[in-house]
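> Have a look at the structure that comes next, please.
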There are 2 protein chains.
Amino acid sequence: MSSTVAVDTTGADLGPAEVAHGAVLAAAHGIRVRLYGPAAELSPVVAGVAGIEVVDAPISIAKAADPAAAVQSTPDASIVQVARAVAAGEADAFVVAGATGPALAAGLLHVRRAKGIHRPALALPLPVPGRPVTLVDVGANVESRPDHLVQFAFMGAALARTVLGVDRPQVALLSNGEEPSKGTPDVVATHRLLAERLADSTHVEFVGNVEGTDLTAGVADVVVTDGFTGNITLKLVEGVSQTVVGEIRKAARTNPVAMLGGLLLKPALGRFRDEIDPEGPGGAYMLGLRALGVVPHGRFTRNGFEQAIVRAARGADGALTDVVHRDLQEAGALRRSPMAAATADAAAG
Amino acid sequence: MSSTVAVDTTGADLGPAEVAHGAVLAAAHGIRVRLYGPAAELSPVVAGVAGIEVVDAPISIAKAADPAAAVQSTPDASIVQVARAVAAGEADAFVVAGATGPALAAGLLHVRRAKGIHRPALALPLPVPGRPVTLVDVGANVESRPDHLVQFAFMGAALARTVLGVDRPQVALLSNGEEPSKGTPDVVATHRLLAERLADSTHVEFVGNVEGTDLTAGVADVVVTDGFTGNITLKLVEGVSQTVVGEIRKAARTNPVAMLGGLLLKPALGRFRDEIDPEGPGGAYMLGLRALGVVPHGRFTRNGFEQAIVRAARGADGALTDVVHRDLQEAGALRRSPMAAATADAAAG
């Protein structure tokens, strides 16, 4: 790969050095990395590794209560420097460890929205056994109009093709029933628009509405929803699977026979554990800006950070933002600029 | 108990006789039951059991594609007869096996909305290990205004106190963050209204917003959300727990050692299985009508139908609808009639 990825290391629970270890692993794939954070912690880890540059940026706003205000008032913050580097063309994509709010705020202010995009969205590949499903939006927006949701579908599909290795992704809309008439008025309108705009697509298939039960049943590659429902959905999946696994663990401690049973069963659960490892997909993807951003969870280890950097580079190499723009243009789903809209209206009038 | 429960038996997957067996179990608690369905199948089961009356009503609209139209056009349907019996005072509560849509349609048309209620809602006690949580609304409405959501909170709390045995229920609002500022504008407004209206309550505590992760973490007794999000939530909980349990079962079949482990672990999982048994809570509760309705799932066995009938009677004995009305009145959260509203506005003007 030939891309450069700018990485904010300051939000990792295990510290900036853990992210640097992830960068070392990513550099082995031929990716160039610019690491932002406290140089004193980063430099010892990457010393002598080709393709990694350290930028001393010790000021972190990863835990800021008001990310937008922090981005405005802290021009030296690591995430602000990362976003500026992308805006200046010094990097082709960016990774922000464990700081979704600041990444979104800095991304909007400095990387900026891509042309024709209504709103950026956060997409998260859920580690579902058998067939991962990418949920979009998981919380960049609290409210979304049908036009926005349609763009989320195109953005999620382009991510699946370019970065996640799905040839012709199946895209679905999350609703309270499978019939096109089910859902809020906005969901019903989105269904109609998606059916129209993806009818002739050779690289994306719209499979209609899916219900909550279907989300982990492998019925689609990309599931579209508004950021409020998406955030609740994502956290429910986390909470329910933790609860079930925890109860089974608890049962395996109730008596010696059960304990032995748990020990004998454990090795066979290895594949399942690997499949639901949240570090596998690299984190959440920030779509709709002029460059791809990836936000690995703060509690990830170096393996998760490696994945995030590798996939950010893959998105840049595959020209993800160009793919989204071209697909939206072909489908007539780009946001018109106010001037273009006025001209078109005048011509129509 | 001294209440009479009208029961539509026609929507059960195992057939009307299975519901009749549930009625026999419920009658042992001293509950009077009127069973609606094909008498030829019901009568043999209940022959000689005191307190059970069979009404021959073999016409079922449990699977009707358009429940509202079916209720209108099929006056002889079992569910319509059940709703009419309640409206005529021949029964104090009703149970409809496996037919939420028809139950809601017939309930609205014949039992009718309780005075001062904006919209009926469906509440479902989720079988969460340790502390069950009642989710309301799980799908009676696709869109809900803040005034509606506030009433759902009061209705859910009254259900918890009267039927589910929770003394001073903790009520929460489902959102994408714990801060009162998080959520859609409607959710933020609902938070403010609930904080105001439950501030002085001695029998309900408002614990604020909860996230998806918290739903199975035992942080509240009642969680309020709109019917769209609630339906997705409910089905996600089902889907994710089935997926996790299924994967663990699959792992226990991969080799002889794992299989032995699974066998040894199985008995210890009994308590967990009991705790997450969906038949335990009796089904979904239809709140906001002039009488309580309970909708057990169509795939339930006699034990689930027994629970549904017992709890319907408990709600009637505890005067659930009166409790809701009194609580809403005290909190100033009753829906004003158009005439009262006009008078109040004129007085204020």
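Each chain in the structure tokens gets a letter, A, B, ..., in the order shown, and its residues are numbered from 1; ligands are numbered from 1 in order too.
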After superposing chain B onto chain A (least squares, all C-alpha atoms, pairing by order), export the transformed chain as a CSV table (one decimal) with C-alpha atoms, in the first residue's frame.


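Below is the file that was written, part-v8.csv:
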```csv
chain,number,residue,atom,x,y,z
B,1,MET,CA,0.0,0.0,0.0
B,2,SER,CA,1.2,3.5,-0.6
B,3,SER,CA,-0.9,5.6,1.7
B,4,THR,CA,0.0,7.7,4.7
B,5,VAL,CA,-2.1,7.5,7.8
B,6,ALA,CA,-2.1,10.1,10.6
B,7,VAL,CA,-2.8,8.6,14.0
B,8,ASP,CA,-3.8,10.3,17.2
B,9,THR,CA,-2.4,8.0,20.0
B,10,THR,CA,-3.6,10.0,23.1
B,11,GLY,CA,-7.0,8.3,23.8
B,12,ALA,CA,-5.8,4.7,24.3
B,13,ASP,CA,-6.6,3.2,27.7
B,14,LEU,CA,-3.3,1.3,27.6
B,15,GLY,CA,-1.4,4.5,26.7
B,16,PRO,CA,0.1,6.0,23.5
B,17,ALA,CA,2.9,3.4,23.4
B,18,GLU,CA,0.3,0.6,22.8
B,19,VAL,CA,-0.9,2.5,19.7
B,20,ALA,CA,2.8,2.9,18.6
B,21,HIS,CA,3.2,-0.9,18.8
B,22,GLY,CA,0.1,-1.2,16.5
B,23,ALA,CA,1.7,1.3,14.1
B,24,VAL,CA,4.9,-0.9,14.0
B,25,LEU,CA,2.7,-3.9,13.0
B,26,ALA,CA,0.9,-1.8,10.4
B,27,ALA,CA,4.2,-0.5,8.9
B,28,ALA,CA,5.1,-4.1,8.1
B,29,HIS,CA,2.3,-3.9,5.5
B,30,GLY,CA,4.2,-1.1,3.8
B,31,ILE,CA,1.9,1.7,5.2
B,32,ARG,CA,3.5,5.0,6.1
B,33,VAL,CA,2.3,6.3,9.5
B,34,ARG,CA,2.5,9.7,11.2
B,35,LEU,CA,2.1,9.2,15.0
B,36,TYR,CA,0.8,12.1,17.1
B,37,GLY,CA,1.2,12.1,20.8
B,38,PRO,CA,3.9,12.5,23.5
B,39,ALA,CA,7.2,11.8,21.6
B,40,ALA,CA,8.9,10.7,24.8
B,41,GLU,CA,6.5,7.7,24.9
B,42,LEU,CA,6.2,7.0,21.2
B,43,SER,CA,9.8,7.3,19.9
B,44,PRO,CA,11.3,4.5,21.9
B,45,VAL,CA,8.7,2.1,20.5
B,46,VAL,CA,9.2,3.0,16.8
B,47,ALA,CA,12.9,3.7,16.8
B,48,GLY,CA,14.5,2.3,13.6
B,49,VAL,CA,11.2,1.2,12.0
B,50,ALA,CA,10.9,2.4,8.4
B,51,GLY,CA,7.9,4.5,7.4
B,52,ILE,CA,6.9,5.8,10.9
B,53,GLU,CA,7.3,9.4,11.8
B,54,VAL,CA,6.6,10.8,15.3
B,55,VAL,CA,5.1,14.3,15.8
B,56,ASP,CA,5.4,15.5,19.3
B,57,ALA,CA,1.8,16.5,20.3
B,58,PRO,CA,1.3,15.8,24.0
B,59,ILE,CA,-1.9,17.8,24.5
B,60,SER,CA,-4.9,15.5,24.5
B,61,ILE,CA,-8.6,16.4,24.3
B,62,ALA,CA,-9.6,12.8,24.0
B,63,LYS,CA,-11.7,13.0,27.2
B,64,ALA,CA,-13.0,16.6,26.7
B,65,ALA,CA,-16.6,17.0,28.0
B,66,ASP,CA,-17.5,19.3,25.1
B,67,PRO,CA,-15.4,18.1,22.1
B,68,ALA,CA,-16.5,20.8,19.7
B,69,ALA,CA,-15.5,23.6,22.1
B,70,ALA,CA,-12.2,21.7,22.9
B,71,VAL,CA,-11.4,21.4,19.2
B,72,GLN,CA,-12.0,25.2,18.7
B,73,SER,CA,-10.0,26.3,21.8
B,74,THR,CA,-7.1,23.8,21.6
B,75,PRO,CA,-5.3,24.3,18.3
B,76,ASP,CA,-2.3,22.3,19.6
B,77,ALA,CA,-4.3,19.2,20.6
B,78,SER,CA,-3.1,16.0,19.0
B,79,ILE,CA,-6.4,15.3,17.2
B,80,VAL,CA,-6.5,18.9,15.8
B,81,GLN,CA,-3.0,18.4,14.4
B,82,VAL,CA,-4.0,15.1,12.9
B,83,ALA,CA,-7.1,16.6,11.2
B,84,ARG,CA,-5.0,19.5,9.9
B,85,ALA,CA,-2.4,17.1,8.5
B,86,VAL,CA,-5.1,15.4,6.5
B,87,ALA,CA,-6.5,18.7,5.3
B,88,ALA,CA,-3.1,19.8,4.2
B,89,GLY,CA,-2.6,16.5,2.2
B,90,GLU,CA,0.2,15.3,4.5
B,91,ALA,CA,-1.9,12.2,5.2
B,92,ASP,CA,-4.5,10.3,3.2
B,93,ALA,CA,-6.6,8.9,6.1
B,94,PHE,CA,-6.6,9.2,9.9
B,95,VAL,CA,-7.0,7.0,12.9
B,96,VAL,CA,-8.1,8.4,16.4
B,97,ALA,CA,-7.8,5.9,19.3
B,98,GLY,CA,-10.8,6.0,21.6
B,99,ALA,CA,-12.2,9.5,21.0
B,100,THR,CA,-15.2,9.5,18.8
B,101,GLY,CA,-16.5,13.0,19.8
B,102,PRO,CA,-13.3,14.9,19.3
B,103,ALA,CA,-12.5,13.0,16.1
B,104,LEU,CA,-15.9,13.9,14.7
B,105,ALA,CA,-15.6,17.6,15.8
B,106,ALA,CA,-12.0,17.9,14.5
B,107,GLY,CA,-12.9,16.0,11.3
B,108,LEU,CA,-15.9,18.3,10.5
B,109,LEU,CA,-13.9,21.5,11.2
B,110,HIS,CA,-10.6,20.7,9.5
B,111,VAL,CA,-11.0,17.6,7.2
B,112,ARG,CA,-14.5,18.9,6.3
B,113,ARG,CA,-17.5,17.3,4.8
B,114,ALA,CA,-17.0,15.7,1.3
B,115,LYS,CA,-18.8,17.5,-1.6
B,116,GLY,CA,-22.4,16.5,-1.9
B,117,ILE,CA,-22.7,14.8,1.5
B,118,HIS,CA,-25.5,15.9,3.8
B,119,ARG,CA,-24.0,14.6,7.1
B,120,PRO,CA,-21.1,12.4,8.1
B,121,ALA,CA,-22.0,9.0,9.6
B,122,LEU,CA,-20.3,6.5,11.9
B,123,ALA,CA,-20.3,2.9,10.5
B,124,LEU,CA,-19.4,0.0,12.8
B,125,PRO,CA,-18.8,-3.6,11.5
B,126,LEU,CA,-20.4,-5.7,14.3
B,127,PRO,CA,-18.5,-8.9,14.9
B,128,VAL,CA,-21.3,-11.3,14.3
B,129,PRO,CA,-20.4,-15.0,13.9
B,130,GLY,CA,-20.6,-16.2,10.3
B,131,ARG,CA,-21.3,-12.9,8.6
B,132,PRO,CA,-20.3,-9.6,10.1
B,133,VAL,CA,-22.9,-6.8,9.6
B,134,THR,CA,-22.0,-3.1,9.3
B,135,LEU,CA,-24.4,-0.8,11.1
B,136,VAL,CA,-24.5,2.8,10.0
B,137,ASP,CA,-25.1,5.4,11.6
B,138,VAL,CA,-24.1,4.3,15.1
B,139,GLY,CA,-24.3,7.8,16.6
B,140,ALA,CA,-22.8,10.7,14.5
B,141,ASN,CA,-26.3,12.2,14.3
B,142,VAL,CA,-29.3,12.0,16.6
B,143,GLU,CA,-31.8,12.7,13.9
B,144,SER,CA,-31.6,11.8,10.2
B,145,ARG,CA,-33.9,12.7,7.3
B,146,PRO,CA,-34.6,10.2,4.5
B,147,ASP,CA,-32.0,11.9,2.2
B,148,HIS,CA,-29.4,11.4,4.9
B,149,LEU,CA,-30.3,7.8,5.4
B,150,VAL,CA,-30.1,7.1,1.7
B,151,GLN,CA,-26.5,8.5,1.7
B,152,PHE,CA,-25.6,6.4,4.7
B,153,ALA,CA,-26.6,3.3,2.7
B,154,PHE,CA,-24.3,4.3,-0.2
B,155,MET,CA,-21.5,5.2,2.2
B,156,GLY,CA,-21.8,1.9,4.1
B,157,ALA,CA,-21.9,-0.1,0.9
B,158,ALA,CA,-18.8,1.6,-0.5
B,159,LEU,CA,-17.0,0.9,2.8
B,160,ALA,CA,-18.0,-2.8,2.6
B,161,ARG,CA,-16.7,-3.0,-1.0
B,162,THR,CA,-13.5,-1.0,-0.6
B,163,VAL,CA,-12.4,-1.9,2.9
B,164,LEU,CA,-14.3,-4.9,4.2
B,165,GLY,CA,-13.9,-7.1,1.2
B,166,VAL,CA,-17.6,-7.7,0.3
B,167,ASP,CA,-18.1,-7.8,-3.5
B,168,ARG,CA,-21.7,-6.9,-3.9
B,169,PRO,CA,-23.0,-5.9,-0.5
B,170,GLN,CA,-26.6,-6.5,0.5
B,171,VAL,CA,-28.0,-3.4,2.2
B,172,ALA,CA,-31.0,-3.4,4.5
B,173,LEU,CA,-33.0,-0.8,6.4
B,174,LEU,CA,-33.7,-1.4,10.2
B,175,SER,CA,-37.4,-1.3,11.0
B,176,ASN,CA,-40.1,-2.8,13.1
B,177,GLY,CA,-41.3,-5.1,10.4
B,178,GLU,CA,-40.3,-6.4,7.0
B,179,GLU,CA,-43.1,-4.9,4.9
B,180,PRO,CA,-42.1,-1.6,3.1
B,181,SER,CA,-45.0,0.1,4.9
B,182,LYS,CA,-43.5,-0.6,8.4
B,183,GLY,CA,-41.7,2.0,10.4
B,184,THR,CA,-41.8,5.7,11.1
B,185,PRO,CA,-42.8,8.0,8.1
B,186,ASP,CA,-39.1,8.7,7.6
B,187,VAL,CA,-38.2,5.0,7.5
B,188,VAL,CA,-41.0,4.3,5.0
B,189,ALA,CA,-39.8,7.2,2.8
B,190,THR,CA,-36.2,6.0,3.0
B,191,HIS,CA,-37.3,2.5,2.0
B,192,ARG,CA,-39.0,3.9,-1.1
B,193,LEU,CA,-36.0,6.1,-2.0
B,194,LEU,CA,-33.5,3.2,-1.6
B,195,ALA,CA,-35.7,0.8,-3.7
B,196,GLU,CA,-35.7,3.4,-6.5
B,197,ARG,CA,-32.1,4.4,-6.3
B,198,LEU,CA,-30.6,1.0,-6.0
B,199,ALA,CA,-32.9,-0.7,-8.4
B,200,ASP,CA,-30.4,-0.7,-11.3
B,201,SER,CA,-27.2,-0.9,-9.2
B,202,THR,CA,-24.8,-3.6,-10.3
B,203,HIS,CA,-22.7,-3.4,-7.2
B,204,VAL,CA,-25.2,-3.0,-4.3
B,205,GLU,CA,-28.4,-4.9,-3.6
B,206,PHE,CA,-31.2,-3.4,-1.5
B,207,VAL,CA,-32.8,-6.3,0.4
B,208,GLY,CA,-35.5,-4.2,2.1
B,209,ASN,CA,-36.4,-3.9,5.8
B,210,VAL,CA,-34.9,-6.1,8.5
B,211,GLU,CA,-36.1,-6.4,12.1
B,212,GLY,CA,-34.0,-6.5,15.3
B,213,THR,CA,-34.0,-10.3,15.3
B,214,ASP,CA,-32.4,-10.4,11.9
B,215,LEU,CA,-29.4,-8.2,12.8
B,216,THR,CA,-27.3,-11.1,14.0
B,217,ALA,CA,-28.8,-13.6,11.6
B,218,GLY,CA,-26.6,-12.9,8.6
B,219,VAL,CA,-29.3,-11.5,6.3
B,220,ALA,CA,-27.4,-8.4,5.1
B,221,ASP,CA,-23.9,-6.9,5.0
B,222,VAL,CA,-24.9,-3.3,5.7
B,223,VAL,CA,-27.8,-2.2,7.9
B,224,VAL,CA,-28.9,1.4,7.8
B,225,THR,CA,-30.6,3.3,10.6
B,226,ASP,CA,-30.6,6.8,12.3
B,227,GLY,CA,-27.9,7.5,14.8
B,228,PHE,CA,-30.2,7.4,17.8
B,229,THR,CA,-31.5,3.9,17.0
B,230,GLY,CA,-28.1,2.8,15.8
B,231,ASN,CA,-26.4,3.8,19.0
B,232,ILE,CA,-29.0,2.0,21.2
B,233,THR,CA,-28.7,-1.0,18.9
B,234,LEU,CA,-24.9,-1.2,19.1
B,235,LYS,CA,-25.0,-1.0,22.9
B,236,LEU,CA,-27.7,-3.5,23.2
B,237,VAL,CA,-25.7,-6.0,21.1
B,238,GLU,CA,-22.8,-5.4,23.5
B,239,GLY,CA,-24.9,-5.6,26.6
B,240,VAL,CA,-26.9,-8.6,25.8
B,241,SER,CA,-24.0,-10.7,24.6
B,242,GLN,CA,-22.0,-9.8,27.7
B,243,THR,CA,-24.9,-10.7,29.9
B,244,VAL,CA,-25.5,-14.1,28.3
B,245,VAL,CA,-21.7,-15.0,28.3
B,246,GLY,CA,-21.5,-13.7,31.9
B,247,GLU,CA,-24.4,-15.9,33.0
B,248,ILE,CA,-22.9,-19.0,31.4
B,249,ARG,CA,-19.6,-18.3,33.1
B,250,LYS,CA,-21.4,-17.9,36.4
B,251,ALA,CA,-23.1,-21.2,35.9
B,252,ALA,CA,-19.7,-22.8,35.2
B,253,ARG,CA,-18.6,-21.8,38.7
B,254,THR,CA,-21.6,-23.1,40.6
B,255,ASN,CA,-20.1,-26.6,41.4
B,256,PRO,CA,-17.1,-28.8,40.5
B,257,VAL,CA,-18.9,-30.8,37.8
B,258,ALA,CA,-20.0,-27.6,36.0
B,259,MET,CA,-16.5,-26.2,36.4
B,260,LEU,CA,-15.0,-29.3,34.7
B,261,GLY,CA,-17.7,-29.0,32.0
B,262,GLY,CA,-16.7,-25.4,31.4
B,263,LEU,CA,-13.0,-26.3,31.2
B,264,LEU,CA,-13.7,-29.0,28.6
B,265,LEU,CA,-15.9,-26.8,26.6
B,266,LYS,CA,-13.5,-23.8,26.6
B,267,PRO,CA,-11.1,-24.7,23.7
B,268,ALA,CA,-14.1,-25.3,21.4
B,269,LEU,CA,-15.3,-21.8,22.1
B,270,GLY,CA,-12.0,-20.3,20.7
B,271,ARG,CA,-13.3,-19.8,17.2
B,272,PHE,CA,-16.5,-18.1,18.5
B,273,ARG,CA,-14.3,-15.8,20.7
B,274,ASP,CA,-12.2,-14.9,17.7
B,275,GLU,CA,-15.3,-14.2,15.5
B,276,ILE,CA,-16.8,-11.8,18.1
B,277,ASP,CA,-13.5,-10.1,18.9
B,278,PRO,CA,-14.3,-6.4,18.6
B,279,GLU,CA,-10.7,-5.6,17.6
B,280,GLY,CA,-11.0,-7.6,14.4
B,281,PRO,CA,-12.9,-5.0,12.3
B,282,GLY,CA,-10.6,-2.2,13.5
B,283,GLY,CA,-13.3,0.1,15.1
B,284,ALA,CA,-15.9,2.6,13.9
B,285,TYR,CA,-15.5,4.2,10.5
B,286,MET,CA,-16.2,7.9,10.0
B,287,LEU,CA,-17.7,8.3,6.6
B,288,GLY,CA,-18.7,11.4,4.6
B,289,LEU,CA,-15.6,13.5,5.2
B,290,ARG,CA,-13.0,14.3,2.6
B,291,ALA,CA,-10.8,11.5,3.9
B,292,LEU,CA,-11.7,8.3,5.8
B,293,GLY,CA,-11.3,8.3,9.6
B,294,VAL,CA,-11.2,5.2,11.7
B,295,VAL,CA,-11.9,5.2,15.5
B,296,PRO,CA,-10.7,2.1,17.3
B,297,HIS,CA,-12.1,1.7,20.8
B,298,GLY,CA,-9.9,3.2,23.6
B,299,ARG,CA,-9.6,-0.2,25.3
B,300,PHE,CA,-8.1,-1.9,22.2
B,301,THR,CA,-4.7,-3.5,22.2
B,302,ARG,CA,-2.0,-3.1,19.5
B,303,ASN,CA,-3.7,-5.7,17.3
B,304,GLY,CA,-6.9,-3.6,17.1
B,305,PHE,CA,-4.8,-0.4,16.4
B,306,GLU,CA,-2.9,-2.3,13.7
B,307,GLN,CA,-6.3,-3.3,12.1
B,308,ALA,CA,-7.5,0.3,12.3
B,309,ILE,CA,-4.4,1.7,10.5
B,310,VAL,CA,-4.3,-1.0,7.9
B,311,ARG,CA,-8.0,-0.5,7.1
B,312,ALA,CA,-7.7,3.3,7.0
B,313,ALA,CA,-4.9,2.8,4.4
B,314,ARG,CA,-7.0,0.4,2.5
B,315,GLY,CA,-9.8,2.9,2.3
B,316,ALA,CA,-7.4,5.6,1.0
B,317,ASP,CA,-5.8,3.2,-1.5
B,318,GLY,CA,-9.3,2.2,-2.7
B,319,ALA,CA,-10.3,5.9,-3.0
B,320,LEU,CA,-13.3,5.3,-0.8
B,321,THR,CA,-14.4,8.9,-0.9
B,322,ASP,CA,-14.3,9.0,-4.7
B,323,VAL,CA,-16.3,5.7,-4.9
B,324,VAL,CA,-19.0,7.2,-2.6
B,325,HIS,CA,-19.1,10.4,-4.7
B,326,ARG,CA,-19.4,8.5,-8.0
B,327,ASP,CA,-22.1,6.1,-6.7
B,328,LEU,CA,-24.1,9.0,-5.2
B,329,GLN,CA,-23.8,10.9,-8.5
B,330,GLU,CA,-24.9,8.0,-10.6
B,331,ALA,CA,-27.9,7.5,-8.3
B,332,GLY,CA,-28.8,11.2,-8.2
B,333,ALA,CA,-28.4,11.2,-4.5
B,334,LEU,CA,-25.8,13.9,-4.0
B,335,ARG,CA,-26.7,16.9,-2.0
B,336,ARG,CA,-27.2,19.8,-4.4
B,337,SER,CA,-25.4,23.1,-3.5
B,338,PRO,CA,-27.9,25.9,-2.6
B,339,MET,CA,-26.9,27.7,-5.9
B,340,ALA,CA,-27.4,24.6,-8.1
B,341,ALA,CA,-30.7,23.9,-6.4
B,342,ALA,CA,-31.9,27.5,-7.0
B,343,THR,CA,-30.8,27.2,-10.7
B,344,ALA,CA,-32.6,23.9,-11.1
B,345,ASP,CA,-35.7,25.2,-9.5
B,346,ALA,CA,-35.7,28.3,-11.7
B,347,ALA,CA,-35.3,26.1,-14.8
B,348,ALA,CA,-38.1,23.8,-13.6
B,349,GLY,CA,-40.4,26.8,-12.8
```

> From a backbone DSSP assignment, name each residue in range 5-49 of chain A labelled strand (DSSP E), as number ranges by chain.

A: 5-8, 32-37

> To test your reading of the structure, identify every residue in range 129-286 of chain A that backbone DSSP assigns to helix (DSSP H, G or I), and report it as a ChimeraX atom specification.

/A:146-162,185-197,212-214,227-251,256-275
